[in-house]
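Here the structure comes first, spelled out in structure tokens, and everything after it is commentary.
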Amino acid sequence: MTTTLEAQLSDKLQMMDDKDTTQEPEKQKKTSSAPISSDGTQPLPPPTVSATKTAGPEPEFYDKAQKYWSEVPATVNGMLGGLGYISAIDIQGSNVFLREIRVPGNRLALDCGAGIGRVTRNLLIPRFNCVDLVEQDPAFAEKAREYCTTGDLAPEKVGQIYNVGLQRFTPTQQYDLIWSQWVLGHLTDRDLVAFFRRIKLGLAPGAYFCLKENVSSSKKTLEDKEDSSVTRPLESYERFLKEAGFRIVRKVKQHNFPKGLFPVYMIACKPVSKE
């Protein structure tokens, strides 16, 4: 299951000290995972290289997350687990990251785990002619259409909104950029690698797949049973991307977030050349 990308910052904006102990901020939800809160989580063994390990019985894992997000308000503050004030800092960091990698086209982008469209409205719409969204929660998907077309935003800037979880999503378009933020912790290891492999099919020549996620500061994967998600070590994302056939082009840590949150990293990658 994958709710919006925004929401992982939700309950997940996991407050943690240098020793991986945390105070838990307001829970927030999103089809994507936002900064995670680690209070009350339980360490899991590191994912296997083959990525066959799951976080538990899959139907229960996804159903619990879907139920959690269905009870979260469809607002920016809700998406960010009560930490709506960090949105501007987050978008600024993402903007700098995209300028550095120099995305080759501006025709079409995809926002995975879009929530109510916070990233679409503030990061992607200013850069692309059209943006498609993937959001599992029906209320968030409906709000995203409204939120991303109000004010001076042209309605044609928002394309398709796919109301489905990332574990079942397969792109049917060729995108100049696919962006996934604070949502991948809602996928099991096996489904995460499968998602990475499918996403490759939706990249135009020269295009990037970018992810922005909380990472654990230890080498352990941490489980949050309340919103049914995990926080992985950075090395796990790197390994799974490689397993799925990607090469990492750039990797940057988000700066200027409040102390006590999990580290957040942005990774830009491209499919490994077949030549």
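As shown in the structure tokens, the chain order sets the letters A, B, ...; within each chain, residues go from 1, and ligands are also counted from 1 in the order they appear.
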What are the closest atom pairs, with distances in Å to one decimal, for each residue of range 51-105 of chain A lying within 9 Å of range 139-148 of chain A, using only C-alpha atoms, rows by chain and rising residue number, as a tab-separated table?
```
residue	atom	partner	partner_atom	distance
A:Ser70	CA	A:Ala139	CA	7.9
A:Pro73	CA	A:Phe140	CA	8.8
A:Ala74	CA	A:Phe140	CA	5.8
A:Thr75	CA	A:Lys143	CA	8.7
```
All heavy atoms of the current selection, written as a PDB file, in the first residue's frame:
```
ATOM      1  N   SER A  70      -6.563   7.124   6.222  1.00  0.00           N
ATOM      2  CA  SER A  70      -7.955   7.531   6.007  1.00  0.00           C
ATOM      3  C   SER A  70      -8.471   8.406   7.138  1.00  0.00           C
ATOM      4  O   SER A  70      -9.491   9.083   6.994  1.00  0.00           O
ATOM      5  CB  SER A  70      -8.853   6.293   5.859  1.00  0.00           C
ATOM      6  OG  SER A  70      -8.963   5.606   7.092  1.00  0.00           O
ATOM      7  N   PRO A  73      -6.369  14.336   8.358  1.00  0.00           N
ATOM      8  CA  PRO A  73      -6.985  15.452   7.627  1.00  0.00           C
ATOM      9  C   PRO A  73      -6.289  15.710   6.290  1.00  0.00           C
ATOM     10  O   PRO A  73      -5.064  15.600   6.186  1.00  0.00           O
ATOM     11  CB  PRO A  73      -6.797  16.650   8.575  1.00  0.00           C
ATOM     12  CG  PRO A  73      -6.596  16.049   9.922  1.00  0.00           C
ATOM     13  CD  PRO A  73      -5.884  14.742   9.695  1.00  0.00           C
ATOM     14  N   ALA A  74      -7.063  16.060   5.282  1.00  0.00           N
ATOM     15  CA  ALA A  74      -6.521  16.338   3.943  1.00  0.00           C
ATOM     16  C   ALA A  74      -6.024  17.776   3.879  1.00  0.00           C
ATOM     17  O   ALA A  74      -6.547  18.624   3.156  1.00  0.00           O
ATOM     18  CB  ALA A  74      -7.581  16.079   2.885  1.00  0.00           C
ATOM     19  N   THR A  75      -4.994  18.067   4.664  1.00  0.00           N
ATOM     20  CA  THR A  75      -4.375  19.386   4.723  1.00  0.00           C
ATOM     21  C   THR A  75      -2.863  19.221   4.673  1.00  0.00           C
ATOM     22  O   THR A  75      -2.342  18.130   4.899  1.00  0.00           O
ATOM     23  CB  THR A  75      -4.745  20.113   6.033  1.00  0.00           C
ATOM     24  OG1 THR A  75      -4.209  19.351   7.141  1.00  0.00           O
ATOM     25  CG2 THR A  75      -6.257  20.235   6.192  1.00  0.00           C
TER      26      THR A  75
END
```
**OP:** Determine which residues of range 46-200 of chain A DSSP labels as strand (DSSP E) from the backbone of this structure, then write them out as a count of residues only.
**Re:** 22
Using only C-alpha atoms, tabulate the residues of range 88-190 of chain A lying at most 9 Å from any atom of range 78-82 of chain A, each with its closest atom pair and that distance in Å to one decimal, by chain and increasing residue number, as CSV.
```
residue,atom,partner,partner_atom,distance
A:Gly115,CA,A:Met79,CA,6.9
A:Ile116,CA,A:Met79,CA,7.7
A:Arg118,CA,A:Met79,CA,8.5
```
Original post:
In Å to one decimal, how far is CA of Asp90 in chain A from CA of Ile125 in chain A?
Top reply: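 Separating CA of Ile125 in chain A from CA of Asp90 in chain A is a distance of 15.7 Å.
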Hey, could you make a per-residue contact list for range 117-155 of chain A against range 161-185 of chain A with 7 Å as the cut-off, showing the nearest pair of atoms and its distance in Å to one decimal, counting only C-alpha atoms, sorted by chain and number, as CSV?
```
residue,atom,partner,partner_atom,distance
A:Asp132,CA,A:Ile161,CA,5.8
A:Leu133,CA,A:Ile161,CA,4.7
A:Val134,CA,A:Tyr162,CA,4.6
A:Glu135,CA,A:Asn163,CA,5.1
A:Gln136,CA,A:Val164,CA,4.3
A:Asp137,CA,A:Asn163,CA,6.8
A:Pro138,CA,A:Asn163,CA,6.5
A:Ala141,CA,A:Asn163,CA,6.6
```
**OP:** Would you mind listing what lies within 6 Å of Arg250 in chain A as number ranges by chain, with only C-alpha atoms counted and same-chain residues fewer than 2 positions away left out?
**Re:** A: 248, 267-268
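For Ser273 in chain A, the residues within 9 Å (counting only C-alpha atoms, excluding itself and residues fewer than 5 positions away along the chain) are Gly245, Phe246 and Arg247 of chain A.
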What are the closest atom pairs, with distances in Å to one decimal, for each residue of range 104-149 of chain A lying within 12 Å of range 196-216 of chain A, using only C-alpha atoms, rows by chain and rising residue number, as JSON lines?
```
{"residue": "A:Pro104", "atom": "CA", "partner": "A:Ala207", "partner_atom": "CA", "distance": 6.6}
{"residue": "A:Gly105", "atom": "CA", "partner": "A:Ala207", "partner_atom": "CA", "distance": 7.5}
{"residue": "A:Asn106", "atom": "CA", "partner": "A:Ala207", "partner_atom": "CA", "distance": 10.2}
{"residue": "A:Arg107", "atom": "CA", "partner": "A:Ala204", "partner_atom": "CA", "distance": 10.3}
{"residue": "A:Leu108", "atom": "CA", "partner": "A:Ala204", "partner_atom": "CA", "distance": 9.5}
{"residue": "A:Ala109", "atom": "CA", "partner": "A:Leu203", "partner_atom": "CA", "distance": 9.6}
{"residue": "A:Leu110", "atom": "CA", "partner": "A:Gly202", "partner_atom": "CA", "distance": 9.3}
{"residue": "A:Asp111", "atom": "CA", "partner": "A:Cys210", "partner_atom": "CA", "distance": 10.0}
{"residue": "A:Cys112", "atom": "CA", "partner": "A:Leu211", "partner_atom": "CA", "distance": 9.3}
{"residue": "A:Gly113", "atom": "CA", "partner": "A:Leu211", "partner_atom": "CA", "distance": 10.9}
{"residue": "A:Val119", "atom": "CA", "partner": "A:Lys212", "partner_atom": "CA", "distance": 11.2}
{"residue": "A:Asp132", "atom": "CA", "partner": "A:Gly202", "partner_atom": "CA", "distance": 11.9}
```
**OP:** Could you pull out the residues in range 186-256 of chain A that DSSP calls helix (DSSP H, G or I) from the backbone, as number ranges by chain?
**Re:** A: 186, 189-200, 234-243
Neighbours of Gln254 in chain A within 10 Å (only C-alpha atoms; same-chain residues fewer than 3 positions away dropped), as a CSV table (one decimal) with all heavy atoms, in the first residue's frame?
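Below is the file out18.csv, written as the result:
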```csv
chain,number,residue,atom,x,y,z
A,89,ILE,N,10.8,24.7,3.8
A,89,ILE,CA,12.2,24.3,3.8
A,89,ILE,C,12.4,23.1,3.0
A,89,ILE,O,13.3,22.9,2.2
A,89,ILE,CB,12.6,24.0,5.3
A,89,ILE,CG1,12.4,25.2,6.2
A,89,ILE,CG2,14.0,23.5,5.3
A,89,ILE,CD1,12.6,25.0,7.6
A,90,ASP,N,11.4,22.2,3.0
A,90,ASP,CA,11.4,20.9,2.2
A,90,ASP,C,11.5,21.3,0.8
A,90,ASP,O,12.3,20.7,0.0
A,90,ASP,CB,10.3,20.0,2.6
A,90,ASP,CG,10.1,18.9,1.6
A,90,ASP,OD1,11.0,18.1,1.5
A,90,ASP,OD2,9.0,18.9,1.0
A,92,GLN,N,12.2,24.0,-0.7
A,92,GLN,CA,13.4,24.7,-1.1
A,92,GLN,C,14.6,23.8,-1.4
A,92,GLN,O,15.3,23.9,-2.3
A,92,GLN,CB,13.8,25.7,0.0
A,92,GLN,CG,15.1,26.5,-0.3
A,92,GLN,CD,15.5,27.5,0.8
A,92,GLN,OE1,15.4,27.1,2.0
A,92,GLN,NE2,15.9,28.7,0.5
A,93,GLY,N,14.7,22.8,-0.5
A,93,GLY,CA,15.8,21.8,-0.6
A,93,GLY,C,15.6,21.0,-1.9
A,93,GLY,O,16.6,20.7,-2.6
A,94,SER,N,14.4,20.6,-2.2
A,94,SER,CA,14.1,19.8,-3.4
A,94,SER,C,14.3,20.6,-4.7
A,94,SER,O,14.8,20.1,-5.7
A,94,SER,CB,12.6,19.3,-3.4
A,94,SER,OG,12.4,18.5,-2.2
A,97,PHE,N,18.0,20.7,-5.3
A,97,PHE,CA,18.4,19.4,-5.8
A,97,PHE,C,18.1,19.2,-7.3
A,97,PHE,O,18.9,18.8,-8.1
A,97,PHE,CB,17.7,18.3,-5.0
A,97,PHE,CG,18.1,16.9,-5.3
A,97,PHE,CD1,19.3,16.4,-5.0
A,97,PHE,CD2,17.2,16.1,-6.0
A,97,PHE,CE1,19.7,15.1,-5.2
A,97,PHE,CE2,17.6,14.7,-6.3
A,97,PHE,CZ,18.8,14.3,-5.9
A,212,LYS,N,12.9,10.8,-2.2
A,212,LYS,CA,13.2,11.6,-1.0
A,212,LYS,C,12.6,10.9,0.2
A,212,LYS,O,11.3,10.8,0.3
A,212,LYS,CB,12.7,13.1,-1.1
A,212,LYS,CG,13.2,14.0,0.0
A,212,LYS,CD,12.9,15.4,-0.3
A,212,LYS,CE,13.5,16.4,0.7
A,212,LYS,NZ,13.3,17.8,0.4
A,213,GLU,N,13.4,10.4,1.1
A,213,GLU,CA,12.9,9.6,2.2
A,213,GLU,C,13.7,9.8,3.5
A,213,GLU,O,14.8,10.2,3.5
A,213,GLU,CB,13.1,8.1,1.8
A,213,GLU,CG,12.1,7.6,0.7
A,213,GLU,CD,10.7,7.6,1.2
A,213,GLU,OE1,10.4,7.5,2.4
A,213,GLU,OE2,9.8,7.6,0.3
A,214,ASN,N,13.0,9.5,4.6
A,214,ASN,CA,13.6,9.4,5.9
A,214,ASN,C,14.5,8.1,5.9
A,214,ASN,O,14.2,7.1,5.2
A,214,ASN,CB,12.6,9.1,7.0
A,214,ASN,CG,11.7,10.3,7.2
A,214,ASN,OD1,12.0,11.4,6.8
A,214,ASN,ND2,10.5,10.0,7.7
A,251,LYS,N,23.3,12.1,-4.7
A,251,LYS,CA,22.7,11.8,-3.4
A,251,LYS,C,23.0,12.9,-2.4
A,251,LYS,O,24.2,13.3,-2.2
A,251,LYS,CB,23.3,10.5,-2.9
A,251,LYS,CG,22.8,10.0,-1.5
A,251,LYS,CD,23.5,8.7,-1.1
A,251,LYS,CE,25.0,8.8,-1.1
A,251,LYS,NZ,25.6,7.5,-0.7
A,257,PHE,N,16.2,21.0,8.6
A,257,PHE,CA,15.0,20.5,9.2
A,257,PHE,C,15.2,20.6,10.8
A,257,PHE,O,16.4,20.7,11.2
A,257,PHE,CB,14.8,19.0,8.9
A,257,PHE,CG,13.9,18.8,7.6
A,257,PHE,CD1,13.7,17.6,7.1
A,257,PHE,CD2,13.4,19.9,7.0
A,257,PHE,CE1,12.9,17.4,6.0
A,257,PHE,CE2,12.6,19.7,5.8
A,257,PHE,CZ,12.4,18.5,5.3
A,263,PRO,N,17.2,11.6,9.6
A,263,PRO,CA,17.8,12.2,8.4
A,263,PRO,C,16.9,11.9,7.2
A,263,PRO,O,16.3,10.9,7.1
A,263,PRO,CB,19.1,11.4,8.3
A,263,PRO,CG,19.3,10.8,9.7
A,263,PRO,CD,18.0,10.6,10.3
A,264,VAL,N,16.9,12.9,6.3
A,264,VAL,CA,16.2,12.8,5.0
A,264,VAL,C,17.2,12.9,3.9
A,264,VAL,O,17.9,13.9,3.8
A,264,VAL,CB,15.1,13.9,5.0
A,264,VAL,CG1,14.4,13.8,3.6
A,264,VAL,CG2,14.1,13.7,6.1
A,265,TYR,N,17.1,12.0,3.0
A,265,TYR,CA,18.0,12.0,1.8
A,265,TYR,C,17.2,12.1,0.5
A,265,TYR,O,16.1,11.5,0.4
A,265,TYR,CB,18.9,10.8,1.8
A,265,TYR,CG,20.2,11.0,2.6
A,265,TYR,CD1,20.2,10.8,4.0
A,265,TYR,CD2,21.4,11.4,2.0
A,265,TYR,CE1,21.3,10.9,4.8
A,265,TYR,CE2,22.5,11.6,2.8
A,265,TYR,CZ,22.5,11.3,4.1
A,265,TYR,OH,23.6,11.5,4.9
A,266,MET,N,17.8,12.8,-0.5
A,266,MET,CA,17.3,12.8,-1.8
A,266,MET,C,18.3,12.0,-2.7
A,266,MET,O,19.5,12.2,-2.6
A,266,MET,CB,17.2,14.2,-2.4
A,266,MET,CG,16.1,15.0,-1.6
A,266,MET,SD,16.2,16.8,-2.0
A,266,MET,CE,17.5,17.4,-0.9
```
Original post:
To one decimal place, how far is CA of Arg232 in chain A from CA of Cys269 in chain A in Å?
Top reply: 18.1 Å
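Across A:Thr231, A:Arg99, A:Lys219, A:Ala194, the tightest approach to Ala244 in chain A is made by A:Ala194 when counting only C-alpha atoms.
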Original post:
Which is closest to Glu60 in chain A among A:Val272, A:Thr188, A:Asn256, A:Pro233, if we use only C-alpha atoms?
Top reply: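 Distance minimum relative to Glu60 in chain A lands on A:Thr188.
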